[in-house]
Amino acid sequence: MPVADRILTDETIESIRAYFPRYPTRQAVTLPALHVVNDRLRCVPREAVVEIAELLGLAPAEVQDTLSFYGFFRQDAPHGRTRVWVCRSICCALRGGEEVIDHLCHTLKVRPGGTTDDGRVTLEVAECLGACDFAPCMLAGQSLHKNLTNESAAEVIDRLE
Amino acid sequence: MATVVVDGIDVELGDRERLNGIQAARRAGIEIPHYCWHPGLSVVASCRMCLVETGTRRADTGEVTMLPKLVPACQTPAKDGTVFVTHSEKVRTARAQVEEALLIDHPIDCPICDKAGECYLQDYHFQHGQNERRADIRPFTSRRRDVGETVTLFVDRCVMCSRCVRFTREISGTSELLVINRGSHAEIDVVEGYPLANKLSGNVVDICPVGALGDKDFLYRQRVWFMKKHASVCTGCSTGCSIEIEENQDQVYRLRPRENAFINQWWMCDEGRYGYRHVHDPNRITTPTHRDANGQMPVDWSEVFTELPSKLRSAGRLAAVLSPHLTVEEAYLLATWIRRIDPAALLVLGHVPIVGADEHFPSGFSIHAEKCPNRRGVDEVLNHFGGEAVAWDELPARLEAGDIGGAWVTGGYKKNWVDAPTAEHFARLEILVVQDLFPSPLSELATYRLPAAAFAERSGSYVNHADRLQSVSRAIRPPSGVRIEGDVFWHLLGRRGLCNSRKVLDEVAEKIAFFAPASEAVPPTGLQLKQPQPALV
Amino acid sequence: MTQFEPVLLARVEQPNSHTLSTYEAAGGFAALRKVLGELDPAGVVDLVKRSNLRGRGGAGFPTGLKWTFLPKDHPGPIYMCVNADESEPGTFNNRILMEEDPHQVLEGTIIACYATRATTAYIYLRYEYPLAFERLEAAIAECYAAGYLGRNILGHDFSLDVYVHRGAAAYICGEETGLIESLEGKRAWPRIKPPFPAVEGLFRKPTVVNNVETLCCVTHIAARGAEWFTSIGVPPDPSNPRDPGSFGPKLYCLSGHVNRPGCYEAPLGITCRQLIDEFGGGVWKGRKAKAAIPGGISMGLLAESELDTPLDFAGPVRAGCLGLGTAAVVVLDETTSIVDFLHNSARFFQHESCGQCTPCREGTAWALSMLERIRAGRGRLRDLELLLEIADSIGIIPGTTICGLADGAAWPMKNAIRKFRGEFEEYIRRTNPAGAETAEPVAAMAMESVHG
């Protein structure tokens, strides 16, 4: 495919190829490949699915099948610059997690899963983040924020770029 | 010899048989309900409808020990001493719960769903389901989503048995279908730009246990309980898939594959599946005609039977072209009759359409390039009769020698098979009889133009590429005015009544060594005339 | 009890506990050296068998026994999967181990691979642990550099590669064969068994799947011996010949309505009440406990009167729970609504059900829709019977599903409704006085879907 028509850059393709030696099959590189693309594009559009499939010697259906199972990868539009995962499982719920979610939805004017108008933040609900010792908590990008209150959570979000 | 116990009934299994609980129970006449299991696909045991109780019976003491938990019959091997219980209260409760679970979110579509009457969900609800609805009521009708040009999907009717997905991965090898999302949001889908479009696509509709996948060709055309099923053979190519023709009042609505472990397993290709529309094409020749100054003018069959024999006799040297669409019996009768009139008559194998190359699919299913059902059979009949050997391609040139005065050409092809320049060579003949489905440059030159039978209308036998002979009986009556080839030749030979293909096959088996095994009754899956030779490496 | 000297958490308070230098200074990798020098693979398997170590991932299956299921003399390759998907609500001990003491995890992994002759180990790490990812990658790099990984480890005829494989937020990837399918690049639909992973697992080769904490225990068993391990914990019940006992130290996660949520190490067998009061500073805000989850939400609920249940592999079962699970205790104080608790649980399982088999896929969805309707003030008393029927019928214990997620979905329903029946009935009657008694089906509510 001519470079101009491709959605995966050479760098992205090389990053995916770097995983090949780890596994005896190329299909096993599916999930790493999806993460590689998602990290760069903030989504995995259908064109990327086709290109990943080609790279891994799979049918597009096989990649799409895996992708959509996780609910983690968006396809229609990129997520916001920071994806904020607020936990809604039992430990966080017991210590005010649901109220934090409601408060953030209200202040950001989004529903769970939605992105702010300025493209800054996508607010997601997560199942147990495994930080129950600091409930309620949320993962903003790669940083874990602990022992949240409505105010402290909103503050963290405010500081995101 | 292994003995399996199903509901207290002993079932004997052969030493080398590898059966599961469902198959073993069938031997005992018990049908264990199931959605996701299919003998041609991998076992996933995900629908959980086939749950049964299982245990072992000690050979020496007869003592039976049952496992405390239910197991899917489809994934439980039937070994010597295995015990299956298919109707205990525990099993019946579990079944009713699975059935109820599937109906919770199922749309109220039966009145508009094609599958009604042959739907597992309907049937199992009546046989095994709960008596009342206990879940919240949610009347809705299914969303529809096309997955390809020939197959459509009613998304919400799907019970997630995954048969269709497994089919595209394991049988056609094309992997177009997939599951999206997870949990109760799971749906069947295709990737945009990569629709379900392989040569075996139609099979997914057959294997869908409910009305989720629909065949656009059949959609909304006929209720299944009005149709009659007839065992038959596809005439699309020399694979010769065993099929079922489904018709109502002599109108064919649907072809579906019939299980045949020797030929097509459980499948058929789309070309064969949808290759019946020509049967009801209004352009078919439906009445015998005689050519005069005004063209082809209708005549009575009585005139045909009176005039033709004498006209052919006085034409001198004759040629007969035996189409590879003729059955063995029809070819034999025609050859017999023509040689009776002219013992030196030229017998020619008709045009054999070749399209592309043979195609083999991962599961072992094949589509052949030879697009006719009986070249093998007609060839062997011709070998028996012997005489000057001329191929169809050589015939026009052969006619130039001028010694041949009359010819009888049989067709039966789905579409136009002879062009004007070829037909021209036949113009010089004193008498030309063309017996075919559709008008062609050749038929318009015929002295007598006779109608032909479509595949669904004839009875007889075909021999496929692997020398397997299958016999069919007609599924529908031909259009009024048409007499099928078998009847015409039978009558010309002076035999009484209508053609009896079994009797003709007896004669053929007796006279022609190649067909000798066919002196026995032909089973529904056919019989092997010659053993297939192992491939020479 | 509080005097127990931590073994698994011994180093986590130290500065830079996650670095190799700190680990080695504290005696790390001595166990590996000892094992490679003194034992052959079969010897290590035997050692772990004698220790009666039981898996810490939730099922409690004896680890040494699991290792013996691998075929003898298999040409290979044999794979090790480290189950670091830790997604059971309430559980975070593996996170702490990987973040603060990753070399302990790696040493256990390497010893286990030596024992099982695995040549490649994949650490299936949940996506939501970015710090653990960073620390594990760094630790792995340090190990390669120091010769603890790679070709001919410490000069012995034993080579091993370890890779971290990141998940994508699906609980079912913590199920053994769900993990394997996910690693292979497919949707994480658990496989039917047989064949079991030890015979046909990852890439259809013999595979062992072990939990992070289990592997850490392997390190210490190798260092201190099987007798040391069996000196800690609860011996087998003499009246039950099949009870392997509950030996060794255990990491208990404590969270919810307590003063000091955290991860505490104690011998297997402390009671729930001891964990709450002696380690966790008691129920918060001066309140009393109403109930507690004993081992991750899948295990169900202990009522307050049952809090003296010992948290070993057998205790919670005697109180009607599914088992010890991940030993993650979550406390619900007296103001908590059990209806809300069950709704949260049902929502979790409906979201995480993989969708492959009918009873779980439809059962978890039906349960959630009923609980939503109950919470919306349109519940019927009859719904409680239906919820119990669903709970009693789905799972691998009755045999109606392919994996144990359904059992995990079922137990909270069974325990909550049976142990707190009064509260449910009161709630329904109070919020739907007109419709509580009806047995007729009612109109479904539209459910908001967050996924997809």
# chains A, B, ... in the order shown; residues from 1 in each chain; ligands from 1
>>> select_by_dssp(residues="chain A", states="alpha helix (DSSP H)", output="PyMOL selection string")
chain A and resi 10-17+30-41+46-56+60-70+90-94+97-108+150-158
>>> residues_around(residues="region 273-276 of chain B", least_positions_apart="6", cutoff="8 Å", atoms="only C-alpha atoms", output="list of chain:residue names")
B:Gly202, B:Asp217, B:Gly236, B:Val252, B:Arg254, B:Leu255, B:Arg256
>>> write_last_selection(atoms="N, CA and C atoms", output="PDB file, in the first residue's frame")
ATOM      1  N   GLY B 202     -23.700 -19.428   1.417  1.00  0.00           N
ATOM      2  CA  GLY B 202     -25.078 -19.803   1.725  1.00  0.00           C
ATOM      3  C   GLY B 202     -25.203 -20.832   2.828  1.00  0.00           C
ATOM      4  N   ASP B 217     -32.105 -14.808  -1.157  1.00  0.00           N
ATOM      5  CA  ASP B 217     -32.797 -15.436  -2.285  1.00  0.00           C
ATOM      6  C   ASP B 217     -34.135 -16.016  -1.852  1.00  0.00           C
ATOM      7  N   GLY B 236     -24.809 -28.721 -10.937  1.00  0.00           N
ATOM      8  CA  GLY B 236     -23.976 -27.571 -11.289  1.00  0.00           C
ATOM      9  C   GLY B 236     -22.562 -27.930 -11.696  1.00  0.00           C
ATOM     10  N   VAL B 252     -40.021 -24.571  -7.541  1.00  0.00           N
ATOM     11  CA  VAL B 252     -38.850 -24.755  -6.678  1.00  0.00           C
ATOM     12  C   VAL B 252     -38.580 -23.455  -5.937  1.00  0.00           C
ATOM     13  N   ARG B 254     -36.220 -23.558  -3.032  1.00  0.00           N
ATOM     14  CA  ARG B 254     -34.955 -23.585  -2.314  1.00  0.00           C
ATOM     15  C   ARG B 254     -34.250 -24.905  -2.557  1.00  0.00           C
ATOM     16  N   LEU B 255     -32.911 -24.807  -2.677  1.00  0.00           N
ATOM     17  CA  LEU B 255     -32.070 -26.009  -2.685  1.00  0.00           C
ATOM     18  C   LEU B 255     -31.224 -25.969  -1.424  1.00  0.00           C
ATOM     19  N   ARG B 256     -31.098 -27.112  -0.784  1.00  0.00           N
ATOM     20  CA  ARG B 256     -30.210 -27.149   0.385  1.00  0.00           C
ATOM     21  C   ARG B 256     -29.374 -28.409   0.334  1.00  0.00           C
TER      22      ARG B 256
END
>>> closest_atom_pairs(of="chain B", to="chain C", cutoff="7 Å", atoms="only C-alpha atoms", output="JSON lines")
{"residue": "B:Val44", "atom": "CA", "partner": "C:Ile192", "partner_atom": "CA", "distance": 6.8}
{"residue": "B:Ser46", "atom": "CA", "partner": "C:Cys357", "partner_atom": "CA", "distance": 4.4}
{"residue": "B:Cys47", "atom": "CA", "partner": "C:Cys357", "partner_atom": "CA", "distance": 5.3}
{"residue": "B:Arg48", "atom": "CA", "partner": "C:Thr400", "partner_atom": "CA", "distance": 6.5}
{"residue": "B:Lys69", "atom": "CA", "partner": "C:Gly399", "partner_atom": "CA", "distance": 5.0}
{"residue": "B:Leu70", "atom": "CA", "partner": "C:Gly399", "partner_atom": "CA", "distance": 4.7}
{"residue": "B:Val71", "atom": "CA", "partner": "C:Gly399", "partner_atom": "CA", "distance": 5.9}
{"residue": "B:Val98", "atom": "CA", "partner": "C:Pro359", "partner_atom": "CA", "distance": 6.1}
{"residue": "B:Ala101", "atom": "CA", "partner": "C:Glu362", "partner_atom": "CA", "distance": 5.5}
{"residue": "B:Arg134", "atom": "CA", "partner": "C:Pro441", "partner_atom": "CA", "distance": 5.8}
{"residue": "B:Ala135", "atom": "CA", "partner": "C:Pro441", "partner_atom": "CA", "distance": 6.2}
{"residue": "B:Asp136", "atom": "CA", "partner": "C:Ala444", "partner_atom": "CA", "distance": 4.8}
{"residue": "B:Ile137", "atom": "CA", "partner": "C:Ala443", "partner_atom": "CA", "distance": 4.7}
{"residue": "B:Arg138", "atom": "CA", "partner": "C:Ala444", "partner_atom": "CA", "distance": 5.5}
{"residue": "B:Asn181", "atom": "CA", "partner": "C:Gly452", "partner_atom": "CA", "distance": 6.6}
{"residue": "B:Arg182", "atom": "CA", "partner": "C:Cys354", "partner_atom": "CA", "distance": 5.3}
{"residue": "B:Gly183", "atom": "CA", "partner": "C:Gly355", "partner_atom": "CA", "distance": 3.5}
{"residue": "B:Ser184", "atom": "CA", "partner": "C:Arg361", "partner_atom": "CA", "distance": 5.4}
{"residue": "B:Ala186", "atom": "CA", "partner": "C:Gly355", "partner_atom": "CA", "distance": 6.6}
>>> interface_residues(of="chain A", to="chain B", cutoff="10 Å", atoms="only C-alpha atoms", output="PDB file with N, CA and C atoms, in the first residue's frame")
ATOM      1  N   ARG A  46     -10.918   1.452  11.759  1.00  0.00           N
ATOM      2  CA  ARG A  46     -11.051   0.228  10.977  1.00  0.00           C
ATOM      3  C   ARG A  46      -9.967   0.061   9.925  1.00  0.00           C
ATOM      4  N   GLU A  47      -9.496   1.173   9.374  1.00  0.00           N
ATOM      5  CA  GLU A  47      -8.411   1.047   8.395  1.00  0.00           C
ATOM      6  C   GLU A  47      -7.173   0.461   9.063  1.00  0.00           C
ATOM      7  N   VAL A  49      -7.219  -1.579  11.544  1.00  0.00           N
ATOM      8  CA  VAL A  49      -7.502  -2.997  11.759  1.00  0.00           C
ATOM      9  C   VAL A  49      -7.078  -3.797  10.539  1.00  0.00           C
ATOM     10  N   VAL A  50      -7.420  -3.277   9.363  1.00  0.00           N
ATOM     11  CA  VAL A  50      -7.079  -3.985   8.129  1.00  0.00           C
ATOM     12  C   VAL A  50      -5.563  -4.077   7.969  1.00  0.00           C
ATOM     13  N   LEU A  58      -3.401 -12.150   9.251  1.00  0.00           N
ATOM     14  CA  LEU A  58      -4.710 -12.576   9.722  1.00  0.00           C
ATOM     15  C   LEU A  58      -5.798 -11.974   8.846  1.00  0.00           C
ATOM     16  N   ALA A  59      -7.004 -12.517   8.959  1.00  0.00           N
ATOM     17  CA  ALA A  59      -8.142 -11.868   8.301  1.00  0.00           C
ATOM     18  C   ALA A  59      -8.539 -10.660   9.149  1.00  0.00           C
ATOM     19  N   PRO A  60      -9.000  -9.570   8.513  1.00  0.00           N
ATOM     20  CA  PRO A  60      -9.434  -8.407   9.299  1.00  0.00           C
ATOM     21  C   PRO A  60     -10.435  -8.794  10.388  1.00  0.00           C
ATOM     22  N   ALA A  61     -11.302  -9.761  10.090  1.00  0.00           N
ATOM     23  CA  ALA A  61     -12.305 -10.169  11.078  1.00  0.00           C
ATOM     24  C   ALA A  61     -11.662 -10.679  12.360  1.00  0.00           C
ATOM     25  N   GLU A  62     -10.529 -11.342  12.240  1.00  0.00           N
ATOM     26  CA  GLU A  62      -9.887 -11.894  13.434  1.00  0.00           C
ATOM     27  C   GLU A  62      -9.355 -10.785  14.337  1.00  0.00           C
ATOM     28  N   VAL A  63      -8.860  -9.719  13.746  1.00  0.00           N
ATOM     29  CA  VAL A  63      -8.351  -8.609  14.562  1.00  0.00           C
ATOM     30  C   VAL A  63      -9.517  -7.824  15.169  1.00  0.00           C
ATOM     31  N   GLN A  64     -10.522  -7.586  14.367  1.00  0.00           N
ATOM     32  CA  GLN A  64     -11.688  -6.824  14.832  1.00  0.00           C
ATOM     33  C   GLN A  64     -12.405  -7.567  15.963  1.00  0.00           C
ATOM     34  N   ASP A  65     -12.480  -8.858  15.819  1.00  0.00           N
ATOM     35  CA  ASP A  65     -13.099  -9.724  16.829  1.00  0.00           C
ATOM     36  C   ASP A  65     -12.431  -9.491  18.185  1.00  0.00           C
ATOM     37  N   THR A  66     -11.092  -9.573  18.207  1.00  0.00           N
ATOM     38  CA  THR A  66     -10.339  -9.383  19.440  1.00  0.00           C
ATOM     39  C   THR A  66     -10.499  -7.969  19.953  1.00  0.00           C
ATOM     40  N   LEU A  67     -10.365  -7.010  19.063  1.00  0.00           N
ATOM     41  CA  LEU A  67     -10.434  -5.603  19.444  1.00  0.00           C
ATOM     42  C   LEU A  67     -11.733  -5.300  20.159  1.00  0.00           C
ATOM     43  N   SER A  68     -12.839  -5.711  19.583  1.00  0.00           N
ATOM     44  CA  SER A  68     -14.130  -5.291  20.135  1.00  0.00           C
ATOM     45  C   SER A  68     -14.490  -6.060  21.393  1.00  0.00           C
ATOM     46  N   PHE A  69     -13.815  -7.146  21.666  1.00  0.00           N
ATOM     47  CA  PHE A  69     -14.091  -7.900  22.882  1.00  0.00           C
ATOM     48  C   PHE A  69     -13.773  -7.065  24.114  1.00  0.00           C
ATOM     49  N   TYR A  70     -12.721  -6.269  24.021  1.00  0.00           N
ATOM     50  CA  TYR A  70     -12.219  -5.608  25.217  1.00  0.00           C
ATOM     51  C   TYR A  70     -12.957  -4.358  25.611  1.00  0.00           C
ATOM     52  N   GLY A  71     -13.655  -3.728  24.685  1.00  0.00           N
ATOM     53  CA  GLY A  71     -14.333  -2.494  25.068  1.00  0.00           C
ATOM     54  C   GLY A  71     -13.361  -1.390  25.426  1.00  0.00           C
TER      55      GLY A  71
END
>>> interface_residues(of="chain C", to="chain A", cutoff="9 Å", atoms="only C-alpha atoms", output="PyMOL selection string")
chain C and resi 86-95+120+128-131+161+163+165-171+182-188+203+253-257+260-263+297+330-332+336+341+344-345+347-348+351-352+354+450-452
>>> select_by_dssp(residues="region 8-250 of chain B", states="strand (DSSP E or B)", output="ChimeraX atom specification")
/B:9-13,20,51-57,64-66,71-72,77,82-85,137,144-146,151-154,177-180,187-191,194,213-215,228-233,242-248
>>> closest_residue(among="C:Leu53, C:Leu160, C:Ala25, C:Leu311", to="Ser231 (chain C)", atoms="only C-alpha atoms")
C:Leu53
>>> residues_around(residues="Ala319 (chain C)", least_positions_apart="4", cutoff="9 Å", atoms="only C-alpha atoms", output="short mmCIF file (atom, residue, chain, number, x, y, z; two decimals) with N, CA and C atoms, in the first residue's frame")
data_model
loop_
_atom_site.label_atom_id
_atom_site.label_comp_id
_atom_site.auth_asym_id
_atom_site.auth_seq_id
_atom_site.Cartn_x
_atom_site.Cartn_y
_atom_site.Cartn_z
N LEU C 302 -20.12 -12.65 54.12
CA LEU C 302 -20.27 -13.17 55.49
C LEU C 302 -21.13 -12.18 56.25
N GLU C 306 -20.94 -14.01 61.34
CA GLU C 306 -20.04 -15.03 60.80
C GLU C 306 -18.60 -14.52 60.70
N THR C 309 -15.25 -16.45 61.22
CA THR C 309 -14.84 -17.50 60.28
C THR C 309 -13.35 -17.37 60.01
N GLY C 315 -12.48 -22.44 55.69
CA GLY C 315 -13.37 -21.66 56.56
C GLY C 315 -14.59 -21.05 55.90
#
